[in-house]
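Reproduced below: work-v4.txt, with compact mmCIF, C-alpha atoms.
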# COMPACT_ATOMS: atom_id res chain seq x y z
CA MET E 1 -53.11 53.86 -80.20
CA ARG E 2 -55.22 50.91 -81.30
CA VAL E 3 -54.29 47.46 -79.99
CA ILE E 4 -55.54 44.06 -81.13
CA VAL E 5 -55.39 41.27 -78.58
CA VAL E 6 -55.91 37.76 -79.92
CA GLY E 7 -57.19 35.39 -77.23
CA ALA E 8 -59.60 36.04 -74.37
CA GLY E 9 -58.05 33.93 -71.64
CA VAL E 10 -56.62 35.58 -68.57
CA VAL E 11 -53.31 36.53 -70.23
CA GLY E 12 -55.07 38.11 -73.20
CA THR E 13 -57.65 39.82 -71.02
CA MET E 14 -54.97 41.33 -68.82
CA HIS E 15 -53.20 42.68 -71.91
CA ALA E 16 -56.48 44.26 -72.97
CA TRP E 17 -56.85 45.65 -69.44
CA GLN E 18 -53.39 47.22 -69.50
CA ALA E 19 -54.01 48.84 -72.89
CA VAL E 20 -57.38 50.28 -71.90
CA GLU E 21 -55.99 51.50 -68.56
CA ARG E 22 -53.32 53.40 -70.50
CA GLY E 23 -55.93 55.14 -72.64
CA HIS E 24 -55.76 53.01 -75.78
CA GLU E 25 -58.48 51.49 -77.93
CA VAL E 26 -58.60 47.68 -77.85
CA VAL E 27 -60.17 45.03 -80.07
CA GLN E 28 -60.03 41.56 -78.50
CA ILE E 29 -60.67 38.60 -80.79
CA GLU E 30 -61.54 35.14 -79.44
CA ARG E 31 -62.15 32.03 -81.54
CA GLU E 32 -64.69 30.62 -79.05
CA ALA E 33 -67.87 32.31 -77.85
CA GLU E 34 -65.81 33.01 -74.75
CA ALA E 35 -62.57 31.67 -73.32
CA ARG E 36 -62.86 27.95 -72.49
CA GLY E 37 -59.28 26.91 -71.77
CA ALA E 38 -56.93 26.77 -68.82
CA SER E 39 -57.88 30.29 -67.69
CA LEU E 40 -61.18 28.86 -66.45
CA ARG E 41 -59.97 25.36 -65.59
CA ASN E 42 -57.74 26.26 -62.66
CA PHE E 43 -57.83 26.95 -58.94
CA GLY E 44 -58.14 30.71 -59.18
CA GLN E 45 -55.13 30.93 -56.91
CA ILE E 46 -52.84 33.92 -56.77
CA TRP E 47 -50.03 31.62 -55.69
CA VAL E 48 -46.97 33.40 -54.32
CA SER E 49 -45.72 30.77 -51.89
CA GLY E 50 -44.10 28.26 -54.25
CA ARG E 51 -42.53 30.61 -56.78
CA ALA E 52 -38.81 30.49 -57.51
CA GLY E 53 -36.77 33.32 -56.04
CA GLY E 54 -35.84 36.24 -58.26
CA GLU E 55 -37.84 37.20 -61.35
CA GLU E 56 -40.61 34.65 -60.83
CA LEU E 57 -41.29 35.75 -57.25
CA GLU E 58 -41.04 39.43 -58.17
CA THR E 59 -43.55 38.88 -60.99
CA ALA E 60 -45.93 37.01 -58.69
CA LEU E 61 -45.74 39.67 -55.98
CA ARG E 62 -46.36 42.47 -58.46
CA ALA E 63 -49.24 40.51 -59.98
CA ARG E 64 -50.72 39.92 -56.53
CA GLU E 65 -50.61 43.69 -55.94
CA LEU E 66 -52.33 44.31 -59.27
CA TRP E 67 -54.97 41.65 -58.63
CA GLU E 68 -55.79 43.24 -55.28
CA GLY E 69 -56.17 46.66 -56.87
CA ILE E 70 -58.42 45.35 -59.62
CA GLY E 71 -60.42 43.36 -57.08
CA ALA E 72 -61.04 46.51 -55.04
CA ARG E 73 -62.50 48.15 -58.16
CA ILE E 74 -64.45 45.07 -59.29
CA PRO E 75 -65.85 43.20 -56.26
CA GLU E 76 -67.45 40.61 -58.58
CA LEU E 77 -63.94 39.36 -59.33
CA GLY E 78 -64.02 37.65 -55.96
CA PHE E 79 -60.50 38.63 -54.88
CA ARG E 80 -59.81 37.22 -51.42
CA ALA E 81 -56.53 37.65 -49.52
CA ILE E 82 -56.93 34.27 -47.84
CA GLY E 83 -53.34 33.03 -47.66
CA SER E 84 -52.50 29.33 -47.65
CA LEU E 85 -51.59 26.55 -45.25
CA THR E 86 -49.47 23.51 -46.07
CA PRO E 87 -49.88 21.01 -43.20
CA VAL E 88 -46.92 18.69 -42.57
CA ARG E 89 -47.20 15.28 -40.98
CA ASN E 90 -43.70 14.24 -39.91
CA ASP E 91 -40.15 15.44 -39.28
CA LEU E 92 -39.01 15.11 -42.91
CA GLU E 93 -41.84 17.29 -44.18
CA LEU E 94 -41.37 19.71 -41.29
CA ALA E 95 -37.70 20.16 -42.19
CA VAL E 96 -38.68 21.32 -45.69
CA ALA E 97 -41.07 23.87 -44.21
CA GLU E 98 -38.35 25.05 -41.81
CA ALA E 99 -35.92 25.47 -44.73
CA ALA E 100 -38.54 27.53 -46.57
CA VAL E 101 -39.01 29.84 -43.59
CA ALA E 102 -35.22 30.30 -43.48
CA ARG E 103 -35.10 31.59 -47.08
CA PRO E 104 -33.88 35.19 -47.40
CA ASP E 105 -37.11 36.06 -49.24
CA ALA E 106 -39.39 34.35 -46.70
CA ALA E 107 -40.72 37.65 -45.37
CA ALA E 108 -41.68 38.82 -48.86
CA ARG E 109 -43.72 35.64 -49.29
CA GLY E 110 -45.33 35.98 -45.87
CA TYR E 111 -43.95 32.62 -44.73
CA LYS E 112 -44.48 31.59 -41.15
CA LEU E 113 -44.23 28.18 -39.50
CA VAL E 114 -47.21 27.59 -37.23
CA THR E 115 -48.15 24.83 -34.83
CA ALA E 116 -51.07 22.53 -35.53
CA ASP E 117 -53.20 24.43 -33.03
CA GLU E 118 -52.24 27.76 -34.59
CA ALA E 119 -53.10 26.38 -38.03
CA ARG E 120 -56.53 25.29 -36.77
CA ALA E 121 -57.08 28.76 -35.34
CA ILE E 122 -56.34 30.21 -38.79
CA ASN E 123 -58.42 27.57 -40.58
CA PRO E 124 -60.81 25.76 -38.20
CA ALA E 125 -61.88 23.33 -40.94
CA LEU E 126 -58.52 21.53 -40.56
CA ARG E 127 -59.47 19.08 -37.81
CA GLY E 128 -57.30 16.20 -39.01
CA GLU E 129 -53.89 15.01 -37.90
CA PHE E 130 -50.73 16.96 -38.70
CA VAL E 131 -47.81 18.25 -36.64
CA SER E 132 -47.33 21.77 -38.02
CA ALA E 133 -48.04 23.89 -41.10
CA LEU E 134 -46.35 26.37 -43.39
CA HIS E 135 -48.45 29.53 -43.56
CA CYS E 136 -48.10 31.91 -46.53
CA GLU E 137 -49.97 35.15 -45.96
CA ARG E 138 -49.44 36.52 -49.48
CA ASP E 139 -51.43 33.86 -51.32
CA ALA E 140 -54.88 34.88 -52.52
CA ALA E 141 -57.72 33.73 -54.76
CA VAL E 142 -60.21 34.88 -57.39
CA GLU E 143 -63.09 33.09 -59.13
CA PRO E 144 -61.58 31.54 -62.29
CA ARG E 145 -64.81 30.61 -64.06
CA THR E 146 -66.11 34.18 -64.00
CA ALA E 147 -62.97 36.36 -63.80
CA GLN E 148 -62.72 36.99 -67.55
CA LEU E 149 -66.45 37.77 -67.75
CA VAL E 150 -66.40 40.44 -65.05
CA LEU E 151 -63.16 41.94 -66.37
CA ARG E 152 -64.71 42.14 -69.83
CA LYS E 153 -67.79 43.88 -68.41
CA ALA E 154 -65.52 46.53 -66.89
CA LEU E 155 -63.57 46.87 -70.14
CA LEU E 156 -66.77 47.37 -72.13
CA ALA E 157 -67.79 50.14 -69.75
CA SER E 158 -64.65 52.07 -70.75
CA GLY E 159 -66.04 52.77 -74.23
CA ARG E 160 -62.64 51.93 -75.74
CA TYR E 161 -63.00 48.15 -75.91
CA THR E 162 -64.58 45.83 -78.47
CA PHE E 163 -64.95 42.07 -78.01
CA LEU E 164 -65.25 39.91 -81.13
CA PRO E 165 -66.01 36.26 -80.25
CA GLY E 166 -66.35 33.33 -82.62
CA ARG E 167 -63.58 34.54 -84.90
CA GLU E 168 -60.33 32.72 -85.54
CA VAL E 169 -57.40 34.82 -86.70
CA ARG E 170 -55.93 33.34 -89.88
CA GLU E 171 -53.40 35.93 -90.98
CA VAL E 172 -51.20 38.59 -89.44
CA ILE E 173 -50.71 41.72 -91.54
CA GLU E 174 -47.41 43.49 -90.99
CA SER E 175 -47.20 47.21 -90.43
CA GLY E 176 -47.29 49.29 -93.60
CA LYS E 177 -45.96 52.75 -94.33
CA ASP E 178 -48.60 54.24 -92.07
CA GLY E 179 -47.23 52.17 -89.16
CA ARG E 180 -50.39 50.10 -88.92
CA GLY E 181 -50.73 46.38 -89.29
CA GLY E 182 -53.48 44.06 -88.18
CA VAL E 183 -55.07 40.66 -88.64
CA ARG E 184 -57.53 38.90 -90.92
CA ASP E 185 -60.08 36.57 -89.31
CA ASP E 186 -61.91 33.54 -90.70
CA HIS E 187 -64.91 35.72 -91.57
CA GLY E 188 -62.65 37.49 -94.06
CA ASP E 189 -62.66 40.71 -92.02
CA VAL E 190 -59.46 42.72 -91.62
CA HIS E 191 -58.84 44.52 -88.33
CA THR E 192 -56.13 47.17 -88.31
CA ALA E 193 -54.12 48.34 -85.33
CA ASP E 194 -50.84 49.86 -84.24
CA ALA E 195 -49.92 46.74 -82.24
CA VAL E 196 -51.05 43.11 -82.20
CA VAL E 197 -50.53 40.82 -79.20
CA LEU E 198 -51.15 37.10 -79.69
CA CYS E 199 -52.16 35.48 -76.39
CA THR E 200 -53.25 32.13 -77.76
CA GLY E 201 -52.56 29.98 -74.71
CA ALA E 202 -52.04 26.32 -75.51
CA TRP E 203 -52.95 26.82 -79.18
CA LEU E 204 -49.42 26.52 -80.56
CA GLY E 205 -50.09 25.21 -84.07
CA GLY E 206 -51.67 26.82 -87.10
CA LEU E 207 -51.04 30.55 -87.27
CA VAL E 208 -48.63 30.52 -84.33
CA ARG E 209 -46.38 27.94 -85.97
CA GLU E 210 -46.60 29.73 -89.32
CA ILE E 211 -45.34 33.04 -87.95
CA ALA E 212 -43.17 31.94 -85.01
CA GLY E 213 -41.98 28.44 -85.89
CA ASP E 214 -41.41 25.86 -83.20
CA ILE E 215 -41.21 27.93 -80.05
CA PRO E 216 -39.68 26.65 -76.76
CA VAL E 217 -43.09 26.01 -75.22
CA ARG E 218 -44.83 22.73 -74.44
CA ARG E 219 -48.39 21.76 -73.58
CA VAL E 220 -49.28 20.27 -70.18
CA ARG E 221 -52.52 18.47 -69.32
CA LEU E 222 -54.05 18.45 -65.84
CA GLN E 223 -57.10 16.98 -64.15
CA MET E 224 -59.12 18.72 -61.44
CA ALA E 225 -62.49 18.53 -59.70
CA GLN E 226 -64.99 20.50 -57.67
CA THR E 227 -67.13 19.31 -54.78
CA ASP E 228 -70.50 20.17 -53.33
CA PRO E 229 -70.39 22.92 -50.65
CA LEU E 230 -68.26 22.04 -47.63
CA GLY E 231 -70.85 23.44 -45.25
CA GLU E 232 -68.33 25.61 -43.43
CA PRO E 233 -65.64 28.11 -44.41
CA LEU E 234 -62.25 26.88 -45.60
CA THR E 235 -60.54 30.12 -44.67
CA THR E 236 -57.26 29.50 -46.54
CA SER E 237 -56.07 27.61 -49.56
CA VAL E 238 -54.59 24.24 -48.56
CA ALA E 239 -51.67 22.31 -50.05
CA ASP E 240 -49.86 19.14 -49.02
CA ALA E 241 -46.19 18.18 -48.84
CA ASP E 242 -46.26 16.93 -52.44
CA SER E 243 -46.38 20.62 -53.37
CA PHE E 244 -42.87 20.85 -51.87
CA ARG E 245 -41.75 18.41 -54.57
CA TYR E 246 -43.45 20.43 -57.31
CA TYR E 247 -42.71 24.10 -56.61
CA PRO E 248 -39.17 25.51 -56.99
CA ALA E 249 -39.28 27.63 -53.83
CA TYR E 250 -38.85 24.50 -51.72
CA ALA E 251 -35.65 23.20 -53.31
CA SER E 252 -33.22 22.51 -50.45
CA GLU E 253 -31.17 19.82 -48.78
CA ALA E 254 -34.22 19.14 -46.64
CA LEU E 255 -36.26 18.44 -49.77
CA ASP E 256 -33.53 16.10 -51.00
CA ALA E 257 -33.79 14.27 -47.68
CA LEU E 258 -37.58 14.09 -47.99
CA ASN E 259 -37.33 12.60 -51.48
CA ALA E 260 -34.72 10.09 -50.32
CA GLY E 261 -36.44 9.14 -47.08
CA GLN E 262 -40.13 9.34 -47.94
CA ALA E 263 -41.14 8.12 -51.35
CA GLN E 264 -44.12 9.83 -52.88
CA GLU E 265 -47.29 7.74 -52.84
CA PRO E 266 -47.31 5.60 -56.02
CA MET E 267 -50.56 7.11 -57.29
CA ALA E 268 -49.28 10.66 -56.74
CA ALA E 269 -45.95 9.83 -58.37
CA ALA E 270 -47.55 8.16 -61.38
CA HIS E 271 -49.68 11.23 -62.11
CA LYS E 272 -47.17 13.85 -60.90
CA MET E 273 -49.69 15.03 -58.34
CA GLN E 274 -49.89 17.53 -55.55
CA LEU E 275 -52.85 18.58 -53.45
CA LEU E 276 -54.13 22.11 -53.88
CA MET E 277 -57.56 23.01 -52.52
CA VAL E 278 -59.48 26.29 -52.65
CA GLN E 279 -63.02 27.08 -51.58
CA ARG E 280 -65.24 28.76 -54.14
CA ARG E 281 -67.71 31.45 -53.18
CA ASP E 282 -70.55 28.92 -53.39
CA GLY E 283 -68.85 26.82 -50.69
CA GLY E 284 -67.59 24.07 -52.98
CA LEU E 285 -63.95 23.02 -53.05
CA THR E 286 -61.77 23.07 -56.16
CA ILE E 287 -59.26 20.24 -55.75
CA GLY E 288 -56.37 18.88 -57.81
CA ASP E 289 -54.19 18.30 -59.58
CA THR E 290 -52.32 15.97 -61.92
CA HIS E 291 -49.74 16.75 -64.61
CA GLU E 292 -49.23 15.00 -67.95
CA TYR E 293 -46.35 16.10 -70.17
CA GLU E 294 -46.05 13.46 -72.89
CA HIS E 295 -48.05 13.57 -76.11
CA PRO E 296 -50.47 12.27 -77.14
CA PHE E 297 -52.48 13.21 -74.04
CA ALA E 298 -55.14 10.90 -72.70
CA PHE E 299 -58.67 12.05 -73.48
CA ASP E 300 -60.37 10.73 -70.36
CA THR E 301 -60.37 11.64 -66.67
CA LEU E 302 -59.39 8.93 -64.20
CA GLU E 303 -60.96 7.99 -60.89
CA ASP E 304 -57.87 6.71 -59.05
CA PRO E 305 -56.20 10.14 -58.72
CA TYR E 306 -59.40 11.54 -57.19
CA GLU E 307 -59.53 8.67 -54.71
CA HIS E 308 -55.97 9.53 -53.68
CA LEU E 309 -56.83 13.23 -53.30
CA THR E 310 -59.92 12.33 -51.28
CA GLN E 311 -57.83 10.35 -48.79
CA VAL E 312 -55.31 13.18 -48.39
CA ILE E 313 -58.00 15.83 -47.97
CA GLU E 314 -60.02 13.80 -45.49
CA GLY E 315 -56.85 13.30 -43.46
CA PHE E 316 -56.49 17.09 -43.14
CA LEU E 317 -60.18 17.88 -42.66
CA GLY E 318 -60.86 15.01 -40.26
CA ARG E 319 -64.21 14.48 -42.01
CA PRO E 320 -65.57 13.12 -45.29
CA LEU E 321 -65.02 15.15 -48.41
CA PRO E 322 -68.28 16.44 -49.93
CA LYS E 323 -69.44 14.70 -53.07
CA ILE E 324 -67.47 15.54 -56.20
CA ARG E 325 -69.98 17.14 -58.56
CA ARG E 326 -67.79 17.88 -61.59
CA ARG E 327 -64.47 16.79 -63.02
CA TRP E 328 -62.51 18.22 -65.88
CA ALA E 329 -59.21 18.24 -67.71
CA GLY E 330 -57.36 21.25 -69.06
CA VAL E 331 -54.26 22.02 -71.09
CA TYR E 332 -51.92 24.94 -70.57
CA ALA E 333 -48.77 26.16 -72.30
CA GLN E 334 -45.49 26.12 -70.37
CA CYS E 335 -42.00 27.27 -71.32
CA THR E 336 -39.75 24.22 -71.74
CA ASP E 337 -37.22 26.13 -69.64
CA THR E 338 -39.47 26.23 -66.58
CA SER E 339 -37.35 28.94 -64.97
CA ARG E 340 -38.76 31.38 -67.56
CA VAL E 341 -41.92 33.16 -66.45
CA VAL E 342 -43.29 33.54 -69.98
CA HIS E 343 -42.31 33.35 -73.65
CA ARG E 344 -42.56 36.86 -75.11
CA GLN E 345 -41.42 37.19 -78.74
CA ARG E 346 -41.70 39.82 -81.47
CA VAL E 347 -42.78 37.70 -84.41
CA ARG E 348 -43.43 40.49 -86.91
CA ASP E 349 -43.06 44.24 -86.95
CA GLY E 350 -45.64 45.41 -84.43
CA VAL E 351 -46.73 41.85 -83.59
CA TRP E 352 -45.90 40.07 -80.33
CA LEU E 353 -46.56 36.54 -79.13
CA VAL E 354 -47.03 36.06 -75.38
CA THR E 355 -47.54 32.51 -74.15
CA GLY E 356 -46.14 29.75 -71.95
CA PRO E 357 -46.63 30.96 -68.36
CA GLY E 358 -47.50 27.40 -67.39
CA GLY E 359 -49.23 27.00 -64.05
CA ARG E 360 -48.37 30.64 -63.30
CA GLY E 361 -50.91 32.08 -65.74
CA MET E 362 -53.66 32.95 -63.29
CA THR E 363 -51.17 34.21 -60.74
CA CYS E 364 -48.84 36.24 -62.91
CA SER E 365 -50.94 37.46 -65.86
CA PRO E 366 -51.45 41.05 -64.62
CA ALA E 367 -47.71 41.58 -64.22
CA ILE E 368 -46.90 39.75 -67.46
CA ALA E 369 -49.25 42.11 -69.31
CA GLU E 370 -47.82 45.15 -67.53
CA THR E 371 -44.31 44.17 -68.64
CA THR E 372 -45.49 43.71 -72.24
CA ALA E 373 -47.13 47.14 -72.17
CA ASP E 374 -43.96 48.72 -70.78
CA GLU E 375 -41.72 47.02 -73.33
CA LEU E 376 -43.97 48.05 -76.22
CA GLY E 377 -44.09 51.63 -74.99
CA TRP E 378 -47.84 51.73 -74.47
For this file, write the structure as structure tokens.
Amino acid sequence: MRVIVVGAGVVGTMHAWQAVERGHEVVQIEREAEARGASLRNFGQIWVSGRAGGEELETALRARELWEGIGARIPELGFRAIGSLTPVRNDLELAVAEAAVARPDAAARGYKLVTADEARAINPALRGEFVSALHCERDAAVEPRTAQLVLRKALLASGRYTFLPGREVREVIESGKDGRGGVRDDHGDVHTADAVVLCTGAWLGGLVREIAGDIPVRRVRLQMAQTDPLGEPLTTSVADADSFRYYPAYASEALDALNAGQAQEPMAAAHKMQLLMVQRRDGGLTIGDTHEYEHPFAFDTLEDPYEHLTQVIEGFLGRPLPKIRRRWAGVYAQCTDTSRVVHRQRVRDGVWLVTGPGGRGMTCSPAIAETTADELGW
């Protein structure tokens, strides 16, 4: 079988990976010289802890298993089973963590409530003030800026993979009598295949709208930053209690009480913020993030949200945050029904559109691609 994958972000690359792993020939077409979207502009977290119970958690756990297996084969991927800690600072926040640990699927997530001293033993960089922490052993991380590059290197070594950058797909060609369809790119070249998978990320206009119409997917903008090296290991990912407000796993009466009794900081509320923090292999910290849902998006990055994040982080670290050396914004595609893991749609005979994982893309892409491959009978 010959498969065309359109889009070289993490979702597209994982579809290419699944096809090659199953013995097929793959042509991957990317309109940029290489992927430049949300697949690079994220934390690199394999984030199990906050996922909704049921399908979303099952997808994340399967994806985490797949990431670990790929990481064992490709050390350059930077897979690290580091887990996460969410420090809590008062009784209201603690109650939400306790409710999470009481979930029937807590063991599958690796949830454990630890004391402040136990948290510091797990992550000695947390020298600030907090009363306890929610530990999630199943969370992990990879290097987002280089993950697609090292995966592509491994795909090229298979001898069954071709990467065509700098080409925008303009037309989808439906399967003919021979069962083959394909695509035409903006160079005028036609590429034939038995199956076409469109993994176009937040690019929802143009060809996608022509062949799929207005799909139930929206675009979300976020702002993030990276610091100079911390100078010591940050042995886990770190979140704050605002992540309880953001992730569906923490929905509970205790969360309702937190929202009623402890208003979110105005800056965090205005920008729909949470703290997530991951250390990169060079020692720097990726920190964020904000969320913007209404169009038109702003085109600038703002200083005030970073000042808020700096205060929160310094409270946990008990020391100044290293200098921020780069800031960026990104846009990802998210299903408007946020309980859906992904939008997967057959848009033509032999042509599938896969988009809208939202903030789950880096976490869930291996399992999303595996499901597509199973459903298409690869």
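Pairwise distance (atom CA of E:Lys112, atom CA of E:Gly318) equals 23.3 Å.
The interatomic distance for the pair atom CA of E:Gly176 and atom CA of E:Met1 works out to 15.3 Å.
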Practice item. Could you give me, as a list in words, the residues within 6 Å of E:Ala141, counting only C-alpha atoms and dropping anything in the same chain fewer than 3 positions from it? Key: Gly44, Gln45, Ile46, Phe79 and Arg80 of chain E
Check your understanding: Can you list, as a VMD selection string, every protein, DNA or RNA residue that comes within 12 Å of E:Ala249 when you count all atoms listed in the file, leaving out same-chain residues fewer than 2 positions away?
Key -> chain E and resid 47 to 54 56 to 57 96 to 97 99 to 106 109 111 243 to 247 251 to 252 255 339
Revision key, fill the gap. What separates atom CA of E:Thr162 and atom CA of E:Trp17 is a distance of 11.9 Å
**Study point:** Residues within 12 Å of E:Asn90, all atoms listed in the file, excluding chain neighbours under 2 positions, as a PyMOL selection string
**Key:** chain E and resi 87-88+92-97+116+129-133+241+258+261-262
Per residue of stretch 97-199 of chain E within 9 Å of stretch 351-364 of chain E, record the nearest atom pair and its distance in Å to one decimal, counting all atoms listed in the file, with rows in chain order and ascending residue number, as CSV.
residue,atom,partner,partner_atom,distance
E:Ala141,CA,E:Thr363,CA,8.9
E:Pro144,CA,E:Met362,CA,8.1
E:Val172,CA,E:Val351,CA,8.1
E:Ile173,CA,E:Val351,CA,8.9
E:Glu174,CA,E:Val351,CA,7.6
E:Ser175,CA,E:Val351,CA,8.7
E:Gly181,CA,E:Val351,CA,8.3
E:Gly182,CA,E:Val351,CA,8.5
E:Ala195,CA,E:Val351,CA,6.0
E:Val196,CA,E:Val351,CA,4.7
E:Val197,CA,E:Trp352,CA,4.8
E:Leu198,CA,E:Leu353,CA,4.7
E:Cys199,CA,E:Val354,CA,5.3
Can I get the selection written as a compact mmCIF listing (two decimals), in the coordinates of the input, with C-alpha atoms?
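Wrote again-v3.txt, looks like this:
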# COMPACT_ATOMS: atom_id res chain seq x y z
CA ALA E 141 -57.72 33.73 -54.76
CA PRO E 144 -61.58 31.54 -62.29
CA VAL E 172 -51.20 38.59 -89.44
CA ILE E 173 -50.71 41.72 -91.54
CA GLU E 174 -47.41 43.49 -90.99
CA SER E 175 -47.20 47.21 -90.43
CA GLY E 181 -50.73 46.38 -89.29
CA GLY E 182 -53.48 44.06 -88.18
CA ALA E 195 -49.92 46.74 -82.24
CA VAL E 196 -51.05 43.11 -82.20
CA VAL E 197 -50.53 40.82 -79.20
CA LEU E 198 -51.15 37.10 -79.69
CA CYS E 199 -52.16 35.48 -76.39
Practice item. Please check which residues have atoms at most 8 Å from (-67.5, 32.2, -83.2) in the file's coordinates, counting all atoms listed in the file, and write them as a ChimeraX atom specification. Key: /E:30-33,165-168
Exercise for review: May I have the residues within 12 Å of E:Arg326 as a ChimeraX atom specification, using all atoms listed in the file and disregarding those fewer than 3 positions away in the same chain?
Suggested key: /E:41,223-228,284-287,301,306,322-323,329
